[in-house]
file entry-v8.csv (CSV, C-alpha atoms)
chain,number,residue,atom,x,y,z
A,1,MET,CA,7.2,24.5,14.7
A,2,ALA,CA,10.4,23.4,16.5
A,3,GLY,CA,11.1,20.3,14.5
A,4,ARG,CA,9.7,18.0,11.8
A,5,ARG,CA,8.6,14.4,11.6
A,6,VAL,CA,9.9,12.5,8.6
A,7,ASN,CA,8.3,9.1,7.9
A,8,VAL,CA,9.9,6.0,6.4
A,9,ASN,CA,8.0,2.8,5.7
A,10,VAL,CA,9.8,-0.4,6.6
A,11,GLY,CA,8.2,-3.7,5.5
A,12,VAL,CA,8.4,-6.8,7.7
A,13,LEU,CA,8.2,-9.8,5.4
A,14,GLY,CA,9.0,-13.5,5.7
A,15,HIS,CA,7.6,-17.0,5.9
A,16,ILE,CA,4.7,-17.8,8.1
A,17,ASP,CA,5.6,-18.4,11.8
A,18,SER,CA,9.0,-16.7,11.4
A,19,GLY,CA,8.1,-14.2,14.1
A,20,LYS,CA,7.3,-11.1,12.0
A,21,THR,CA,4.5,-9.8,14.2
A,22,ALA,CA,6.6,-10.4,17.4
A,23,LEU,CA,9.4,-8.4,15.9
A,24,ALA,CA,7.1,-5.6,14.9
A,25,ARG,CA,5.8,-5.6,18.5
A,26,ALA,CA,9.3,-5.6,20.0
A,27,LEU,CA,10.3,-2.6,17.9
A,28,SER,CA,7.2,-0.5,18.1
A,29,THR,CA,6.1,2.2,20.6
A,30,THR,CA,2.8,3.1,18.9
A,31,ALA,CA,0.3,0.7,17.5
A,32,SER,CA,-2.5,1.4,15.0
A,33,THR,CA,-6.0,-0.3,15.1
A,34,ALA,CA,-4.6,-2.9,12.7
A,35,ALA,CA,-1.4,-3.8,14.5
A,36,PHE,CA,-0.3,-7.1,16.0
A,37,ASP,CA,-3.1,-9.3,14.7
A,38,LYS,CA,-6.0,-7.4,16.4
A,39,GLN,CA,-8.6,-8.9,14.1
A,40,PRO,CA,-10.6,-11.7,15.7
A,41,GLN,CA,-10.0,-13.9,12.7
A,42,SER,CA,-6.2,-13.5,13.1
A,43,ARG,CA,-6.4,-14.4,16.8
A,44,GLU,CA,-8.6,-17.4,16.2
A,45,ARG,CA,-6.2,-18.8,13.5
A,46,GLY,CA,-3.0,-17.6,15.1
A,47,ILE,CA,-1.7,-16.1,11.9
A,48,THR,CA,-1.5,-12.6,10.3
A,49,LEU,CA,-4.3,-12.1,7.8
A,50,ASP,CA,-4.0,-8.5,6.9
A,51,LEU,CA,-1.4,-5.7,6.9
A,52,GLY,CA,-0.5,-4.5,10.4
A,53,PHE,CA,0.8,-0.9,11.0
A,54,SER,CA,2.8,0.3,14.0
A,55,CYS,CA,5.8,2.7,14.5
A,56,PHE,CA,8.6,3.9,16.6
A,57,SER,CA,10.4,7.3,16.5
A,58,VAL,CA,14.0,8.3,17.0
A,59,PRO,CA,15.9,11.6,16.7
A,60,LEU,CA,16.6,12.4,13.1
A,61,PRO,CA,20.2,11.1,12.4
A,62,ALA,CA,22.6,13.9,11.4
A,63,ARG,CA,23.4,12.2,8.0
A,64,LEU,CA,19.7,12.5,7.0
A,65,ARG,CA,19.2,16.1,7.8
A,66,LEU,CA,20.6,17.4,4.5
A,67,ALA,CA,18.4,15.0,2.6
A,68,ILE,CA,15.1,16.6,3.9
A,69,PRO,CA,13.5,18.8,1.3
A,70,ALA,CA,12.8,22.3,2.7
A,71,PRO,CA,9.0,23.0,2.5
A,72,ASP,CA,9.3,26.7,3.3
A,73,PRO,CA,11.9,29.6,3.4
A,74,ALA,CA,12.3,29.3,7.1
A,75,LEU,CA,13.9,25.9,6.8
A,76,GLU,CA,16.0,26.9,3.8
A,77,ALA,CA,17.4,29.8,5.9
A,78,GLY,CA,18.8,27.2,8.4
A,79,HIS,CA,15.8,26.5,10.6
A,80,ASP,CA,16.9,24.3,13.6
A,81,LEU,CA,16.2,20.7,12.8
A,82,GLY,CA,17.7,19.5,16.1
A,83,GLU,CA,14.4,18.3,17.5
A,84,SER,CA,13.2,16.7,14.3
A,85,GLU,CA,12.2,13.0,14.5
A,86,LEU,CA,12.4,10.1,12.1
A,87,GLN,CA,9.3,8.0,12.3
A,88,VAL,CA,9.7,4.4,11.2
A,89,THR,CA,6.4,2.9,10.2
A,90,LEU,CA,6.5,-0.9,10.3
A,91,VAL,CA,4.3,-2.7,7.7
A,92,ASP,CA,3.7,-6.2,9.1
A,93,CYS,CA,2.8,-8.4,6.1
A,94,PRO,CA,1.2,-11.9,6.3
A,95,GLY,CA,3.4,-14.9,5.5
A,96,HIS,CA,0.8,-17.4,4.4
A,97,ALA,CA,0.9,-18.5,0.7
A,98,SER,CA,-2.8,-17.8,0.1
A,99,LEU,CA,-2.3,-14.2,1.1
A,100,ILE,CA,0.3,-13.3,-1.5
A,101,ARG,CA,-1.8,-10.5,-2.9
A,102,THR,CA,-1.9,-8.8,0.5
A,103,ILE,CA,1.9,-9.3,0.8
A,104,ILE,CA,2.4,-7.6,-2.7
A,105,GLY,CA,0.0,-4.8,-1.6
A,106,GLY,CA,2.2,-4.1,1.5
A,107,ALA,CA,5.4,-4.2,-0.6
A,108,GLN,CA,4.1,-1.5,-2.8
A,109,ILE,CA,4.5,1.2,-0.1
A,110,ILE,CA,7.7,0.2,1.6
A,111,ASP,CA,11.0,2.1,1.4
A,112,LEU,CA,13.2,-0.6,3.0
A,113,MET,CA,12.5,-4.3,3.6
A,114,MET,CA,13.3,-6.5,6.6
A,115,LEU,CA,13.3,-10.2,5.6
A,116,VAL,CA,12.6,-12.2,8.7
A,117,ILE,CA,14.1,-15.7,8.8
A,118,ASP,CA,13.6,-18.4,11.4
A,119,VAL,CA,17.2,-19.2,12.2
A,120,THR,CA,16.3,-22.8,13.0
A,121,LYS,CA,14.8,-23.4,9.6
A,122,GLY,CA,16.5,-21.0,7.1
A,123,MET,CA,15.0,-20.0,3.8
A,124,GLN,CA,11.5,-21.3,3.2
A,125,THR,CA,9.0,-21.1,0.4
A,126,GLN,CA,7.4,-17.7,1.3
A,127,SER,CA,10.8,-16.4,2.3
A,128,ALA,CA,12.0,-16.9,-1.3
A,129,GLU,CA,8.7,-15.3,-2.6
A,130,CYS,CA,9.1,-12.3,-0.4
A,131,LEU,CA,12.7,-11.9,-1.6
A,132,VAL,CA,11.5,-11.8,-5.2
A,133,ILE,CA,8.8,-9.3,-4.3
A,134,GLY,CA,11.5,-7.2,-2.5
A,135,GLN,CA,13.7,-7.1,-5.6
A,136,ILE,CA,10.8,-5.5,-7.5
A,137,ALA,CA,9.4,-3.2,-4.8
A,138,CYS,CA,12.4,-1.8,-2.9
A,139,GLN,CA,16.1,-1.0,-3.1
A,140,LYS,CA,17.4,-1.9,0.4
A,141,LEU,CA,17.2,-5.1,2.4
A,142,ILE,CA,18.1,-6.2,6.0
A,143,VAL,CA,18.0,-9.9,6.8
A,144,VAL,CA,16.8,-10.6,10.4
A,145,LEU,CA,17.7,-14.0,11.8
A,146,ASN,CA,15.0,-14.4,14.4
A,147,LYS,CA,14.4,-16.9,17.2
A,148,VAL,CA,18.1,-17.3,18.1
A,149,ASP,CA,17.0,-18.0,21.7
A,150,LEU,CA,15.9,-21.5,20.4
A,151,LEU,CA,19.5,-22.4,19.6
A,152,ALA,CA,21.6,-24.3,22.1
A,153,GLU,CA,23.6,-21.7,24.0
A,154,GLY,CA,26.9,-23.5,23.6
A,155,LYS,CA,26.4,-23.8,19.8
A,156,ARG,CA,24.4,-20.6,19.3
A,157,GLN,CA,27.1,-18.4,17.7
A,158,THR,CA,28.3,-21.3,15.4
A,159,ALA,CA,24.7,-21.8,14.2
A,160,ILE,CA,24.2,-18.1,13.6
A,161,ASP,CA,27.5,-17.9,11.6
A,162,LYS,CA,26.5,-20.9,9.5
A,163,MET,CA,23.1,-19.4,8.7
A,164,THR,CA,24.6,-16.0,7.9
A,165,LYS,CA,26.9,-17.7,5.3
A,166,LYS,CA,23.9,-19.5,3.8
A,167,MET,CA,21.9,-16.2,3.5
A,168,GLN,CA,24.9,-14.4,2.0
A,169,LYS,CA,25.1,-17.2,-0.6
A,170,THR,CA,21.4,-16.9,-1.3
A,171,LEU,CA,21.7,-13.1,-1.9
A,172,GLU,CA,24.7,-13.4,-4.2
A,173,ASN,CA,22.6,-13.5,-7.4
A,174,THR,CA,20.2,-10.8,-6.3
A,175,LYS,CA,20.5,-7.0,-6.2
A,176,PHE,CA,20.7,-7.3,-2.4
A,177,GLN,CA,24.2,-8.9,-2.5
A,178,GLY,CA,26.1,-7.8,0.6
A,179,ALA,CA,22.9,-6.8,2.5
A,180,PRO,CA,23.5,-6.7,6.3
A,181,ILE,CA,22.4,-9.7,8.4
A,182,ILE,CA,21.6,-9.4,12.1
A,183,ALA,CA,20.5,-12.0,14.7
A,184,VAL,CA,17.7,-11.2,17.2
A,185,ALA,CA,15.2,-12.9,19.5
A,186,ALA,CA,12.0,-10.9,19.2
A,187,LYS,CA,10.1,-13.0,21.7
A,188,PRO,CA,12.4,-15.2,23.8
A,189,GLY,CA,10.6,-18.4,24.9
A,190,GLY,CA,8.0,-18.2,22.2
A,191,PRO,CA,4.4,-16.9,22.2
A,192,GLU,CA,3.5,-18.3,25.5
A,193,ALA,CA,6.5,-16.9,27.3
A,194,PRO,CA,5.8,-14.2,30.0
A,195,GLU,CA,6.1,-10.5,28.9
A,196,THR,CA,8.9,-10.1,31.4
A,197,GLU,CA,11.3,-11.8,28.9
A,198,ALA,CA,13.1,-9.0,27.2
A,199,PRO,CA,13.7,-9.2,23.5
A,200,GLN,CA,17.3,-9.7,22.4
A,201,GLY,CA,19.2,-7.7,19.8
A,202,ILE,CA,16.5,-5.0,19.3
A,203,SER,CA,18.6,-2.0,20.1
A,204,GLU,CA,21.3,-3.3,17.7
A,205,LEU,CA,18.6,-3.8,15.0
A,206,ILE,CA,17.4,-0.2,15.4
A,207,GLU,CA,21.0,1.1,15.1
A,208,LEU,CA,21.3,-1.0,11.9
A,209,LEU,CA,18.1,0.4,10.5
A,210,MET,CA,19.3,4.0,11.2
A,211,SER,CA,22.4,3.3,9.2
A,212,GLN,CA,20.5,1.8,6.2
A,213,ILE,CA,17.5,4.1,6.0
A,214,SER,CA,17.4,6.9,3.4
A,215,ILE,CA,14.8,9.6,3.0
A,216,PRO,CA,12.3,8.6,0.4
A,217,VAL,CA,11.5,10.9,-2.5
A,218,ARG,CA,7.9,12.2,-2.1
A,219,ASP,CA,6.5,14.5,-4.7
A,220,PRO,CA,4.2,17.1,-3.1
A,221,SER,CA,3.3,18.5,-6.5
A,222,GLY,CA,1.1,17.0,-9.1
A,223,PRO,CA,-2.2,15.2,-8.6
A,224,PHE,CA,-3.0,13.7,-5.2
A,225,LEU,CA,-2.6,9.9,-5.3
A,226,MET,CA,-2.9,7.8,-2.2
A,227,SER,CA,-2.5,4.0,-1.9
A,228,VAL,CA,-5.2,2.7,0.4
A,229,ASP,CA,-3.5,0.4,2.9
A,230,HIS,CA,-6.3,-0.3,5.4
A,231,CYS,CA,-10.0,0.2,5.5
A,232,PHE,CA,-12.2,-0.4,8.6
A,233,SER,CA,-15.3,0.9,10.4
A,234,ILE,CA,-15.5,2.7,13.7
A,235,LYS,CA,-18.9,2.6,15.5
A,236,GLY,CA,-20.6,5.9,15.4
A,237,GLN,CA,-18.0,7.4,12.9
A,238,GLY,CA,-18.4,5.3,9.7
A,239,THR,CA,-15.7,3.9,7.4
A,240,VAL,CA,-12.1,5.0,7.8
A,241,MET,CA,-9.4,4.6,5.2
A,242,THR,CA,-5.7,5.0,5.9
A,243,GLY,CA,-2.9,4.9,3.3
A,244,THR,CA,0.3,6.1,1.9
A,245,ILE,CA,0.4,9.3,-0.2
A,246,LEU,CA,2.4,8.6,-3.4
A,247,SER,CA,2.2,12.0,-4.9
A,248,GLY,CA,0.6,15.4,-4.2
A,249,SER,CA,-0.5,16.7,-0.8
A,250,ILE,CA,-3.7,17.1,1.2
A,251,SER,CA,-5.0,19.3,4.0
A,252,LEU,CA,-7.8,19.0,6.5
A,253,GLY,CA,-11.2,19.7,4.9
A,254,ASP,CA,-10.1,18.8,1.3
A,255,SER,CA,-12.3,16.6,-0.9
A,256,VAL,CA,-10.8,13.5,-2.5
A,257,GLU,CA,-11.8,11.5,-5.5
A,258,ILE,CA,-12.6,7.7,-5.1
A,259,PRO,CA,-12.6,6.1,-8.5
A,260,ALA,CA,-15.0,3.3,-7.6
A,261,LEU,CA,-17.8,5.8,-7.0
A,262,LYS,CA,-18.2,6.7,-10.7
A,263,VAL,CA,-19.6,10.2,-10.2
A,264,ILE,CA,-17.0,12.6,-8.7
A,265,ASP,CA,-18.9,15.9,-9.2
A,266,ASN,CA,-21.1,17.5,-11.8
A,267,TYR,CA,-18.2,17.9,-14.2
A,268,SER,CA,-16.3,14.6,-13.8
A,269,VAL,CA,-17.0,10.9,-14.1
A,270,ILE,CA,-15.0,7.7,-14.0
A,271,GLY,CA,-14.9,5.6,-17.1
A,272,ARG,CA,-14.1,1.9,-17.3
A,273,SER,CA,-14.1,-1.1,-19.7
A,274,LEU,CA,-13.2,1.0,-22.7
A,275,PHE,CA,-9.5,0.0,-22.5
A,276,LYS,CA,-7.7,-3.2,-21.6
A,277,LYS,CA,-5.8,-3.0,-18.3
A,278,GLU,CA,-2.4,-3.2,-20.1
A,279,THR,CA,-3.3,-0.2,-22.3
A,280,ASN,CA,-1.3,3.0,-21.8
A,281,ILE,CA,-4.2,5.4,-21.3
A,282,GLN,CA,-1.9,8.4,-21.2
A,283,GLN,CA,-1.7,8.2,-25.0
A,284,PHE,CA,-5.5,8.9,-25.1
A,285,VAL,CA,-5.5,11.9,-22.7
A,286,GLY,CA,-7.0,14.9,-24.3
A,287,LEU,CA,-9.2,12.9,-26.8
A,288,LYS,CA,-12.9,13.6,-26.9
A,289,VAL,CA,-15.6,11.1,-25.9
A,290,GLN,CA,-19.3,11.1,-26.1
A,291,LEU,CA,-21.6,9.7,-23.4
A,292,SER,CA,-24.7,7.8,-24.5
A,293,THR,CA,-26.7,10.3,-22.5
A,294,GLY,CA,-25.5,13.0,-24.9
A,295,GLU,CA,-22.8,14.9,-23.0
A,296,LEU,CA,-19.4,15.5,-24.5
A,297,GLY,CA,-16.3,14.8,-22.4
A,298,ILE,CA,-12.5,14.8,-22.6
A,299,ILE,CA,-10.3,12.0,-21.2
A,300,ASN,CA,-8.4,13.7,-18.4
A,301,SER,CA,-6.2,11.1,-16.7
A,302,SER,CA,-5.9,7.5,-15.8
A,303,PHE,CA,-5.7,5.5,-12.5
A,304,GLY,CA,-2.6,3.5,-13.0
A,305,GLN,CA,-3.0,0.2,-14.8
A,306,SER,CA,-6.6,-0.4,-13.5
A,307,GLY,CA,-8.2,0.4,-16.9
A,308,LYS,CA,-10.2,3.2,-15.3
A,309,PHE,CA,-9.9,6.8,-16.3
A,310,LYS,CA,-11.2,10.2,-15.4
A,311,ILE,CA,-13.4,12.1,-17.9
A,312,HIS,CA,-14.0,15.9,-17.7
A,313,ILE,CA,-17.4,17.1,-18.8
A,314,PRO,CA,-17.0,20.8,-19.7
A,315,GLY,CA,-20.7,21.4,-19.9
A,316,GLY,CA,-21.5,19.4,-16.8
A,317,LEU,CA,-23.8,16.4,-16.3
A,318,SER,CA,-27.5,16.9,-16.7
A,319,PRO,CA,-29.7,16.0,-13.7
A,320,GLU,CA,-31.0,12.9,-15.6
A,321,SER,CA,-27.5,11.7,-16.3
A,322,LYS,CA,-26.3,12.1,-12.8
A,323,LYS,CA,-29.4,10.2,-11.5
A,324,ILE,CA,-28.5,7.3,-13.8
A,325,LEU,CA,-24.9,7.3,-12.8
A,326,THR,CA,-25.4,7.6,-9.1
A,327,PRO,CA,-26.5,4.3,-7.4
A,328,SER,CA,-29.4,4.8,-5.0
A,329,LEU,CA,-30.1,2.9,-1.8
A,330,LYS,CA,-33.6,1.3,-1.6
A,331,LYS,CA,-35.1,-0.6,1.3
A,332,ARG,CA,-36.7,-3.9,0.6
A,333,SER,CA,-40.2,-4.3,1.9
A,334,ARG,CA,-41.6,-7.3,3.7
A,335,ALA,CA,-42.6,-10.1,1.3
A,336,SER,CA,-46.3,-10.3,0.7
A,337,GLY,CA,-48.7,-13.2,0.5
A,338,GLY,CA,-47.1,-16.6,-0.1
A,339,GLU,CA,-43.8,-15.1,-1.3
A,340,VAL,CA,-40.6,-16.1,0.6
A,341,ALA,CA,-38.6,-13.2,2.0
A,342,LYS,CA,-35.0,-13.8,1.0
A,343,GLN,CA,-33.7,-10.6,2.6
A,344,GLU,CA,-34.2,-9.3,6.1
A,345,GLU,CA,-37.0,-6.7,6.5
A,346,GLY,CA,-35.6,-3.2,5.9
A,347,ALA,CA,-32.3,-4.4,4.5
A,348,GLU,CA,-30.7,-1.9,2.2
A,349,HIS,CA,-29.4,-2.8,-1.2
A,350,LEU,CA,-28.0,-0.9,-4.2
A,351,GLU,CA,-30.6,-0.4,-6.9
A,352,THR,CA,-29.4,-1.6,-10.3
A,353,THR,CA,-28.7,1.4,-12.5
A,354,GLN,CA,-28.8,1.8,-16.2
A,355,HIS,CA,-25.4,1.6,-18.0
A,356,VAL,CA,-24.0,4.6,-19.7
A,357,THR,CA,-21.7,3.8,-22.6
A,358,LEU,CA,-18.8,5.8,-24.0
A,359,ILE,CA,-18.0,6.4,-27.7
A,360,LEU,CA,-14.5,7.2,-28.7
A,361,SER,CA,-13.8,7.9,-32.3
A,362,PHE,CA,-10.4,8.7,-33.9
A,363,LYS,CA,-8.2,8.0,-36.9
A,364,ARG,CA,-4.7,6.7,-36.9
A,365,TYR,CA,-2.8,6.8,-40.2
A,366,VAL,CA,-0.8,3.6,-41.0
A,367,PHE,CA,2.3,5.4,-42.3
A,368,ASP,CA,2.5,8.0,-39.6
A,369,THR,CA,5.7,7.3,-37.7
A,370,HIS,CA,4.5,9.2,-34.7
A,371,LYS,CA,1.3,7.1,-34.6
A,372,ARG,CA,-0.8,10.2,-33.7
A,373,MET,CA,-4.5,9.8,-33.1
A,374,VAL,CA,-6.6,12.4,-35.0
A,375,GLN,CA,-10.2,13.4,-34.2
A,376,SER,CA,-12.7,15.4,-36.3
A,377,PRO,CA,-13.2,19.0,-34.9
call {"tool": "encode", "arguments": {"input": "entry-v8.csv", "output": "structure tokens"}}
result
Amino acid sequence: MAGRRVNVNVGVLGHIDSGKTALARALSTTASTAAFDKQPQSRERGITLDLGFSCFSVPLPARLRLAIPAPDPALEAGHDLGESELQVTLVDCPGHASLIRTIIGGAQIIDLMMLVIDVTKGMQTQSAECLVIGQIACQKLIVVLNKVDLLAEGKRQTAIDKMTKKMQKTLENTKFQGAPIIAVAAKPGGPEAPETEAPQGISELIELLMSQISIPVRDPSGPFLMSVDHCFSIKGQGTVMTGTILSGSISLGDSVEIPALKVIDNYSVIGRSLFKKETNIQQFVGLKVQLSTGELGIINSSFGQSGKFKIHIPGGLSPESKKILTPSLKKRSRASGGEVAKQEEGAEHLETTQHVTLILSFKRYVFDTHKRMVQSP
């Protein structure tokens, strides 16, 4: 392979109507199925309702070449990286207050944040909320003063300088103190303006991004863990999930575990409701549990702070247990006699399954400084 493609996620956050989607469109050369408010509901309401993904690529800057981990001896021996690319994936987040959960979800996967500010309005409610989220989720920030084309031409630079000073003052008490601020016009003339109107300041913004971006640390070892960013269906293909790999690696043809499905295989199941969400389940890894169906298992790992955990069944699940744990699809028949059919004929539904309980027994001695948990052999 002549070169490599290195990906960096850049979040586009800000108050509603600050021009985030227009900025993502002006920067991007490739759009996903979820880019630029393609959902009918978004177009109908005129706002972003879900995360949007698009990207652009540039030659890998020289300062970043040494930061790339070498995956094989060929690269370690000085393999030519001259044709390598830096792919910047833009995560376009909603700006409406009611969609704060979606905004937080998008912030979890970004490596650098662009805070988009309407230069005619300054900091607004969701701008401040996005700034707080950014302080938790990422280490670098670029402030983008958008819509400068709406300022009177004679007073434009004065207004930009005034807003720049206000933003510098706002960032003084945050970890983003001294963050770069740049002025652009992503969509001169507004949404209704013809496409012939060229965006202003985009090339300068790309140069600024290249100077601020650093290669994120991705751990290819360890268990495979992917944050699901987008889920949609394609006619004739089924459900498609896209996301960001947080640890581990994957290849074509590999099987993945989806915690919500309960049964992973004949030797693994997913447990829930045994621990509170705030419990550190890692402390219980290695302890034995018993299923109400008779099988013995060992707590293997947890799924973050969800309260769910993976149980390994050394002896495997019995066919009866697997049948209980696996929901089955049944078709409703037409209502008979005088009954009222509440579901459409032939509609599928998940048949209610019997619950399987878990039993975890251990001792913890009061005066044990290590607070070890002991189980009977």
call {"tool": "residues_around", "arguments": {"input": "entry-v8.csv", "residues": "Arg218 (chain A)", "least_positions_apart": "6", "cutoff": "9 Å", "atoms": "only C-alpha atoms", "output": "ChimeraX atom specification"}}
result
/A:245-248
call {"tool": "residues_around", "arguments": {"input": "entry-v8.csv", "residues": "Ala31 (chain A)", "least_positions_apart": "2", "cutoff": "10 Å", "atoms": "all atoms listed in the file", "output": "short mmCIF file (atom, residue, chain, number, x, y, z; two decimals) with C-alpha atoms, in the coordinates of the input"}}
result
data_model
loop_
_atom_site.label_atom_id
_atom_site.label_comp_id
_atom_site.auth_asym_id
_atom_site.auth_seq_id
_atom_site.Cartn_x
_atom_site.Cartn_y
_atom_site.Cartn_z
CA ALA A 24 7.10 -5.60 14.90
CA ARG A 25 5.80 -5.60 18.50
CA SER A 28 7.20 -0.50 18.10
CA THR A 29 6.10 2.20 20.60
CA THR A 33 -6.00 -0.30 15.10
CA ALA A 34 -4.60 -2.90 12.70
CA ALA A 35 -1.40 -3.80 14.50
CA PHE A 36 -0.30 -7.10 16.00
CA GLY A 52 -0.50 -4.50 10.40
CA PHE A 53 0.80 -0.90 11.00
CA SER A 54 2.80 0.30 14.00
CA CYS A 55 5.80 2.70 14.50
CA PHE A 56 8.60 3.90 16.60
CA THR A 89 6.40 2.90 10.20
CA LEU A 90 6.50 -0.90 10.30
#
call {"tool": "closest_residue", "arguments": {"input": "entry-v8.csv", "among": "A:Leu23, A:Ala193, A:Ile202, A:Val217", "to": "Asn7 (chain A)", "atoms": "only C-alpha atoms"}}
result
A:Val217
call {"tool": "closest_residue", "arguments": {"input": "entry-v8.csv", "among": "A:Lys140, A:Lys187, A:Lys322, A:Lys310", "to": "Ser214 (chain A)", "atoms": "only C-alpha atoms"}}
result
A:Lys140
call {"tool": "closest_residue", "arguments": {"input": "entry-v8.csv", "among": "A:Val6, A:Leu358, A:Leu287, A:Val269", "to": "Leu317 (chain A)", "atoms": "all atoms listed in the file"}}
result
A:Val269
call {"tool": "closest_residue", "arguments": {"input": "entry-v8.csv", "among": "A:Glu129, A:Asp92, A:Glu85, A:Asp50", "to": "Val12 (chain A)", "atoms": "all atoms listed in the file"}}
result
A:Asp92
call {"tool": "closest_residue", "arguments": {"input": "entry-v8.csv", "among": "A:Gly11, A:Gly286, A:Gly316, A:Gly271", "to": "Gly134 (chain A)", "atoms": "all atoms listed in the file"}}
result
A:Gly11
call {"tool": "atom_distance", "arguments": {"input": "entry-v8.csv", "atom1": "CA of Ala22 (chain A)", "atom2": "CA of Ser211 (chain A)"}}
result
22.5 Å
call {"tool": "atom_distance", "arguments": {"input": "entry-v8.csv", "atom1": "CA of Leu360 (chain A)", "atom2": "CA of Val256 (chain A)"}}
result
27.2 Å
call {"tool": "atom_distance", "arguments": {"input": "entry-v8.csv", "atom1": "CA of Leu66 (chain A)", "atom2": "CA of Gln87 (chain A)"}}
result
16.6 Å
call {"tool": "residues_around", "arguments": {"input": "entry-v8.csv", "residues": "Leu291 (chain A)", "least_positions_apart": "3", "cutoff": "6 Å", "atoms": "all atoms listed in the file", "output": "short mmCIF file (atom, residue, chain, number, x, y, z; two decimals) with C-alpha atoms, in the frame of the given file"}}
result
data_model
loop_
_atom_site.label_atom_id
_atom_site.label_comp_id
_atom_site.auth_asym_id
_atom_site.auth_seq_id
_atom_site.Cartn_x
_atom_site.Cartn_y
_atom_site.Cartn_z
CA GLY A 294 -25.50 13.00 -24.90
CA GLU A 295 -22.80 14.90 -23.00
CA THR A 357 -21.70 3.80 -22.60
CA LEU A 358 -18.80 5.80 -24.00
#
